[in-house]
Structures are given as structure tokens and as C-alpha cells.
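A.B. asks: This one is data21.tsv, TSV, C-alpha atoms and all ligand atoms.
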chain	number	residue	atom	x	y	z
A	29	MET	CA	0.00	0.00	0.00
A	30	LEU	CA	1.46	3.34	-1.05
A	31	ILE	CA	1.33	6.20	1.41
A	32	LEU	CA	-0.11	9.63	0.53
A	33	GLN	CA	3.27	11.30	0.04
A	34	ASP	CA	4.20	8.63	-2.54
A	35	ASP	CA	0.90	9.25	-4.35
A	36	ARG	CA	1.92	12.86	-4.89
A	37	ILE	CA	5.36	11.80	-6.12
A	38	ILE	CA	3.71	9.28	-8.48
A	39	ASP	CA	1.35	11.95	-9.88
A	40	ALA	CA	4.29	14.29	-10.53
A	41	ALA	CA	6.32	11.47	-12.10
A	42	ARG	CA	3.44	10.51	-14.40
A	43	GLN	CA	3.10	14.12	-15.56
A	44	GLN	CA	6.85	14.40	-16.21
A	45	ILE	CA	6.88	11.14	-18.21
A	46	VAL	CA	3.95	12.21	-20.42
A	47	ALA	CA	5.56	15.62	-21.05
A	48	ALA	CA	8.95	14.02	-21.78
A	49	GLY	CA	7.37	11.57	-24.25
A	50	LEU	CA	5.91	14.47	-26.23
A	51	LYS	CA	9.24	16.29	-26.15
A	52	MET	CA	11.01	13.17	-27.47
A	53	ILE	CA	8.55	12.84	-30.36
A	54	GLU	CA	9.12	16.51	-31.20
A	55	GLN	CA	12.89	15.92	-31.22
A	56	LYS	CA	12.46	12.75	-33.30
A	57	MET	CA	14.15	10.70	-30.57
A	58	ILE	CA	11.36	8.11	-30.69
A	59	ALA	CA	8.72	7.04	-33.17
A	60	GLY	CA	5.40	5.37	-32.42
A	61	SER	CA	5.47	3.34	-29.23
A	62	TRP	CA	9.15	2.35	-29.32
A	63	GLY	CA	11.48	3.43	-26.53
A	64	ASN	CA	10.47	3.87	-22.91
A	65	LEU	CA	10.89	6.15	-19.90
A	66	SER	CA	10.80	5.64	-16.15
A	67	ILE	CA	11.23	7.56	-12.90
A	68	LYS	CA	12.20	5.94	-9.60
A	69	ILE	CA	9.58	6.82	-6.97
A	70	ASN	CA	11.45	5.34	-4.01
A	71	THR	CA	13.59	2.27	-3.33
A	72	SER	CA	10.63	-0.05	-3.82
A	73	CYS	CA	8.86	1.19	-6.96
A	74	CYS	CA	9.09	3.18	-10.19
A	75	ALA	CA	6.71	4.75	-12.73
A	76	ILE	CA	7.19	3.54	-16.30
A	77	THR	CA	5.60	3.96	-19.72
A	78	PRO	CA	3.11	1.28	-20.80
A	79	SER	CA	3.80	-1.29	-23.51
A	80	GLY	CA	2.69	-0.61	-27.07
A	81	ARG	CA	1.19	2.85	-26.65
A	82	SER	CA	2.07	5.88	-28.76
A	83	TYR	CA	3.61	8.75	-26.87
A	84	ASP	CA	1.40	11.33	-28.54
A	85	SER	CA	-1.74	9.81	-27.04
A	86	LEU	CA	-0.49	8.95	-23.54
A	87	ASN	CA	-2.40	10.21	-20.50
A	88	THR	CA	-0.98	10.44	-17.00
A	89	GLU	CA	-3.16	7.51	-15.83
A	90	ASP	CA	-1.59	5.33	-18.59
A	91	ILE	CA	1.78	5.46	-16.81
A	92	VAL	CA	2.21	2.24	-14.84
A	93	VAL	CA	3.76	1.86	-11.38
A	94	VAL	CA	5.72	-1.35	-10.76
A	95	ASP	CA	7.70	-2.65	-7.81
A	96	MET	CA	11.39	-3.42	-8.17
A	97	GLN	CA	10.57	-7.05	-9.05
A	98	GLY	CA	8.42	-5.87	-11.98
A	99	ASN	CA	5.02	-6.54	-10.40
A	100	LYS	CA	2.37	-3.96	-11.28
A	101	ILE	CA	1.20	-1.85	-8.34
A	102	GLU	CA	-0.89	0.79	-10.13
A	103	GLY	CA	-2.29	1.34	-13.63
A	104	ALA	CA	-4.59	-0.50	-16.03
A	105	LEU	CA	-2.05	-1.05	-18.82
A	106	ILE	CA	0.83	-3.50	-19.22
A	107	PRO	CA	4.21	-1.98	-18.23
A	108	SER	CA	6.90	-1.54	-20.90
A	109	SER	CA	8.40	-4.77	-22.22
A	110	GLU	CA	11.78	-3.28	-21.30
A	111	THR	CA	10.85	-3.06	-17.60
A	112	PRO	CA	13.61	-5.62	-16.74
A	113	LEU	CA	16.18	-3.22	-18.29
A	114	HIS	CA	14.97	-0.29	-16.16
A	115	LEU	CA	14.86	-2.36	-12.96
A	116	ALA	CA	18.34	-3.77	-13.55
A	117	VAL	CA	19.81	-0.27	-13.99
A	118	TYR	CA	18.10	1.00	-10.81
A	119	GLU	CA	19.42	-1.99	-8.91
A	120	ALA	CA	22.99	-1.63	-10.21
A	121	ILE	CA	23.20	2.18	-10.01
A	122	PRO	CA	21.58	3.63	-6.87
A	123	GLU	CA	22.16	7.25	-8.11
A	124	ALA	CA	19.92	6.58	-11.13
A	125	GLN	CA	16.60	8.36	-10.53
A	126	ALA	CA	15.27	8.20	-14.09
A	127	ILE	CA	15.92	6.17	-17.24
A	128	VAL	CA	15.40	7.00	-20.91
A	129	HIS	CA	15.58	4.29	-23.57
A	130	THR	CA	15.33	5.45	-27.19
A	131	HIS	CA	15.75	4.10	-30.70
A	132	SER	CA	17.12	7.43	-31.98
A	133	ILE	CA	18.53	7.12	-35.48
A	134	TYR	CA	22.26	7.90	-35.24
A	135	ALA	CA	22.79	6.17	-31.89
A	136	SER	CA	20.96	3.15	-33.34
A	137	ALA	CA	23.21	3.30	-36.41
A	138	CYS	CA	26.29	3.03	-34.16
A	139	ALA	CA	24.54	0.26	-32.18
A	140	ALA	CA	23.84	-1.60	-35.44
A	141	MET	CA	27.54	-1.40	-36.33
A	142	HIS	CA	28.51	-2.47	-32.78
A	143	LYS	CA	30.72	0.65	-32.76
A	144	PRO	CA	31.11	2.66	-29.54
A	145	ILE	CA	30.64	6.42	-29.93
A	146	PRO	CA	34.19	7.63	-29.22
A	147	ALA	CA	35.28	10.62	-27.12
A	148	LEU	CA	35.10	13.03	-30.05
A	149	ILE	CA	33.18	16.04	-28.79
A	150	GLU	CA	33.32	18.04	-25.55
A	151	ASP	CA	29.71	17.92	-24.31
A	152	LEU	CA	29.67	14.13	-24.69
A	153	VAL	CA	32.78	13.58	-22.58
A	154	GLN	CA	31.64	16.12	-20.00
A	155	ILE	CA	28.54	14.02	-19.34
A	156	ILE	CA	29.80	10.50	-20.12
A	157	GLY	CA	33.48	10.75	-19.24
A	158	GLY	CA	34.57	8.92	-22.40
A	159	SER	CA	33.08	6.73	-25.11
A	160	VAL	CA	29.54	5.39	-25.12
A	161	ASP	CA	30.11	1.64	-25.17
A	162	VAL	CA	28.07	-1.11	-26.83
A	163	ALA	CA	26.28	-3.77	-24.79
A	164	GLU	CA	26.50	-7.28	-26.16
A	165	TYR	CA	23.43	-8.25	-28.22
A	166	ALA	CA	20.46	-9.92	-26.56
A	167	LEU	CA	16.80	-10.17	-27.52
A	168	PRO	CA	14.68	-7.15	-26.51
A	169	GLY	CA	12.83	-7.36	-23.21
A	170	THR	CA	15.07	-10.12	-21.81
A	171	GLU	CA	17.02	-10.34	-18.56
A	172	ALA	CA	20.11	-10.95	-20.72
A	173	LEU	CA	19.65	-7.57	-22.45
A	174	ALA	CA	19.30	-5.93	-19.03
A	175	ALA	CA	22.45	-7.62	-17.69
A	176	ASN	CA	24.46	-6.73	-20.82
A	177	ALA	CA	23.33	-3.09	-20.60
A	178	VAL	CA	24.37	-2.81	-16.95
A	179	LYS	CA	27.79	-4.21	-17.88
A	180	ALA	CA	28.24	-1.65	-20.68
A	181	LEU	CA	27.10	1.24	-18.48
A	182	GLN	CA	29.96	0.62	-15.99
A	183	ASN	CA	30.46	4.11	-14.49
A	184	LYS	CA	28.78	5.87	-17.39
A	185	LYS	CA	25.38	7.47	-17.92
A	186	ALA	CA	24.70	5.92	-21.32
A	187	ALA	CA	25.27	2.74	-23.30
A	188	LEU	CA	24.34	1.53	-26.76
A	189	LEU	CA	22.28	-1.67	-27.05
A	190	ALA	CA	23.61	-3.68	-30.00
A	191	ASN	CA	21.28	-3.64	-33.05
A	192	HIS	CA	18.65	-1.88	-30.94
A	193	GLY	CA	19.12	1.62	-29.47
A	194	VAL	CA	20.45	3.49	-26.46
A	195	VAL	CA	19.82	3.59	-22.72
A	196	CYS	CA	20.63	6.61	-20.50
A	197	TRP	CA	20.12	7.32	-16.81
A	198	GLY	CA	20.17	10.52	-14.80
A	199	SER	CA	19.58	12.10	-11.42
A	200	SER	CA	16.26	13.33	-12.86
A	201	LEU	CA	14.22	12.64	-15.98
A	202	ASN	CA	15.36	15.96	-17.40
A	203	SER	CA	19.00	14.96	-16.90
A	204	ALA	CA	18.49	11.52	-18.50
A	205	LEU	CA	16.74	13.16	-21.46
A	206	MET	CA	19.56	15.65	-21.92
A	207	THR	CA	22.07	12.78	-21.93
A	208	ALA	CA	20.01	10.99	-24.60
A	209	GLU	CA	20.02	14.18	-26.70
A	210	ILE	CA	23.79	14.65	-26.35
A	211	VAL	CA	24.46	10.98	-27.17
A	212	GLU	CA	22.31	11.25	-30.30
A	213	LYS	CA	24.08	14.46	-31.35
A	214	ALA	CA	27.52	12.87	-30.78
A	215	ALA	CA	26.46	9.77	-32.75
A	216	GLN	CA	25.40	11.98	-35.65
A	217	ILE	CA	28.72	13.86	-35.56
A	218	TYR	CA	30.57	10.53	-35.43
A	219	CYS	CA	28.67	9.21	-38.48
A	220	ILE	CA	29.47	12.43	-40.39
A	221	CYS	CA	33.16	12.28	-39.39
A	222	GLU	CA	33.39	8.64	-40.50
A	223	THR	CA	32.49	9.74	-44.05
A	224	MET	CA	35.23	12.41	-44.03
A	225	GLY	CA	38.27	10.51	-42.79
A	226	GLY	CA	37.39	10.07	-39.11
A	227	ALA	CA	37.34	12.30	-36.03
A	228	LYS	CA	40.41	13.30	-34.02
A	229	LEU	CA	39.64	12.18	-30.48
A	230	LEU	CA	40.04	14.27	-27.31
A	231	PRO	CA	43.11	13.52	-25.14
A	232	GLU	CA	42.41	11.27	-22.11
A	233	ALA	CA	43.77	13.84	-19.63
A	234	ASP	CA	41.46	16.57	-20.97
A	235	ILE	CA	38.47	14.21	-20.88
A	236	ALA	CA	39.10	13.59	-17.18
A	237	VAL	CA	39.34	17.33	-16.46
A	238	MET	CA	36.12	18.14	-18.35
A	239	HIS	CA	34.17	15.23	-16.85
A	240	ASP	CA	35.29	16.13	-13.35
A	241	PHE	CA	34.35	19.81	-13.79
A	242	TYR	CA	30.95	18.77	-15.14
A	243	LYS	CA	30.25	16.47	-12.20
A	244	GLN	CA	31.43	18.96	-9.58
A	245	HIS	CA	29.95	22.18	-10.91
A	246	TYR	CA	28.15	22.37	-14.22
A	247	SER	CA	25.68	19.50	-13.75
A	248	LYS	CA	24.39	21.12	-10.53
A	249	ARG	CA	23.59	24.35	-12.40
A	250	GLN	CA	21.80	22.35	-15.12
A	251	THR	CA	19.79	20.37	-12.55
A	252	GLU	CA	18.50	23.60	-10.98
A	253	LYS	CA	17.43	24.80	-14.44
A	254	GLY	CA	16.04	21.38	-15.41
A	255	ASP	CA	13.86	21.12	-12.33
A	256	GLU	CA	12.30	24.45	-13.22
A	257	VAL	CA	11.48	23.16	-16.69
A	258	LEU	CA	10.11	19.74	-15.83
A	259	GLY	CA	9.34	19.79	-12.15
B	301	ZN	ZN	13.96	-0.68	-27.34
Could you rewrite the structure in this file as C-alpha cells?

C.D. replies:
Amino acid sequence: MLILQDDRIIDAARQQIVAAGLKMIEQKMIAGSWGNLSIKINTSCCAITPSGRSYDSLNTEDIVVVDMQGNKIEGALIPSSETPLHLAVYEAIPEAQAIVHTHSIYASACAAMHKPIPALIEDLVQIIGGSVDVAEYALPGTEALAANAVKALQNKKAALLANHGVVCWGSSLNSALMTAEIVEKAAQIYCICETMGGAKLLPEADIAVMHDFYKQHYSKRQTEKGDEVLG
């Protein structure tokens, strides 16, 4: 039984997820019902998009609440088929408060080639701290896909899912969405560079400096701004 305070958090999470879904359609990060979003409510449950529903017709009550074993607690619809992926990331990474899984085109292109997105552009390395690595292939919706994704995430906020798409986590839904946008942008730049002789990668020492500055300072400023936008 959820207590009243959790009900308010769930309502807010459902609203954020519906708004984020519309934003992702607008940015062409997802098409139709593919991809999924979730927000951790507390250590025992999360709100997640339903399976097989288009983002442009989602209502707040369509967002499902599941416990951390994947059992439905609230909502009439079936939770996303990628619920095991979301739950595995929350279990492995306690700082993860929200997860965005997309099939955005350029990130998916890299995933289809099984090619990590290298450390080729500053905003990517600020957020990720290096390349976006590729999880070993597994069928969608399986525990194996979830386990492979967790392995590829290591200490990073994003990973490519081989022949499938991308998964990102953040300290808020806004932060996870921003990471998905930056990963997609970096993947597009990488694909362009590959047609023109290849990118020159950033030096390891500079990546560490930029990632550290981002974690210590810049991300906090963005979070304040992001909460105003989505919260
Ligand atoms: Zn997917």
C-alpha cells in the first residue's frame, strides 16, 4: 500500500513522463510506441511507460507503477516490455533516478555497427566521461539484455544496445533526457566524421578534467534549471 506522500510523487512522475514523451517525439528521438521512460519513486517502486502505446496519445493515468521485481502496483495497462532493463539499472546504479531508452537514429546506427561512440566532442565527454560503449546483443525485453546493458554502463550514464538503441540514466528525468540528446548528437557527428576521414579524439587527460568539472559544478547548475522546466 502506497502512502499519501508517494501518491503525490507518483502523480508528478506521471506528468513528467507524459511531457517528456511528447518532447522526445518533437525531437524525433522516438517514433510510435518504441522506446520507454521511467522515474524511480522510491527504493521499492518506479513509474514507467506502458507497452505498445504511442507517446502522442499517452495520458498520465496510462503510466504504470511497478515494484522493483516488476510486479504492477498501479495502472490498467501493461508496463513496458523493457521493464527488466529499467529495474536492472536502478538496482545496479543507486544514483539513477530516471531512465530514458530510445531508438534514436544515429545512436541506433552506431549500435547496429557495434561501434562505440568515441570521445570526439566536448559535451559528450563532460557528461559521459569517455566513449559510449556497446552492450552485447540480446533479444529485446530479456534479462540478458538488461544484464548486458548494466555491464556496458559501468560508471557511465549511457550505453548503446547492440542492433537496438540506447539507454541513458540521470539524477532526474530531465538529466536523462539531456544525456540521450547529447548521445544522439555525438552519434550523428561521429557518423558524419566517418564519411570524411574520421574524427580526431580528445586527449584522455582533458576528458578527465572536463568530466570532473561537469560532475562537480556544471551538472548542478543544469539540474537547478532542469527542475524548473520539468518539475
Ligand atoms: Zn527498445

A.B. asks: Give the answer as one residue: which of A:Tyr118, A:Tyr218, A:Trp62, A:Tyr165 has the shortest atom-to-atom distance to Ser199 of chain A, using all atoms listed in the file?

C.D. replies: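 The shortest atom-to-atom distance to Ser199 of chain A comes from A:Tyr118.
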
A.B. asks: For the atom pair atom CA of Val93 of chain A and atom CA of Gln125 of chain A, what is the interatomic distance in Å to one decimal place?

C.D. replies: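 Taking atom CA of Val93 of chain A as the start and atom CA of Gln125 of chain A as the end point, the length is 14.4 Å.
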
A.B. asks: What's around segment 203-208 of chain A at 8 Å? Count all atoms listed in the file, leave out sequence neighbours fewer than 3 positions away in its own chain, and write the answer as a VMD selection string.

C.D. replies: chain A and resid 48 126 to 128 130 155 185 to 186 194 to 200 211 to 212 251 254

A.B. asks: Given only C-alpha atoms and all ligand atoms as the basis, pick out the residue of A:Ile69, A:Leu181, A:Leu113, A:Leu230 nearest to ligand ZN 301 (chain B).

C.D. replies: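 Ranking A:Ile69, A:Leu181, A:Leu113, A:Leu230 by distance to ligand ZN 301 (chain B), first place goes to A:Leu113.
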
A.B. asks: With a cut-off of 7 Å, could you pull out the residues of chain A touching ligand ZN 301 (chain B) and give me the nearest pair of atoms for each, distance in Å to one decimal, using all atoms listed in the file, ordered by chain and ascending number, as a Markdown table?

C.D. replies:
| residue | atom | partner | partner_atom | distance |
| --- | --- | --- | --- | --- |
| A:Trp62 | CA | B:ZN301 | ZN | 6.0 |
| A:Gly63 | CA | B:ZN301 | ZN | 4.9 |
| A:Glu110 | CA | B:ZN301 | ZN | 6.9 |
| A:His129 | CA | B:ZN301 | ZN | 6.4 |
| A:Thr130 | CA | B:ZN301 | ZN | 6.3 |
| A:His131 | CA | B:ZN301 | ZN | 6.1 |
| A:Pro168 | CA | B:ZN301 | ZN | 6.6 |
| A:His192 | CA | B:ZN301 | ZN | 6.0 |
| A:Gly193 | CA | B:ZN301 | ZN | 6.0 |
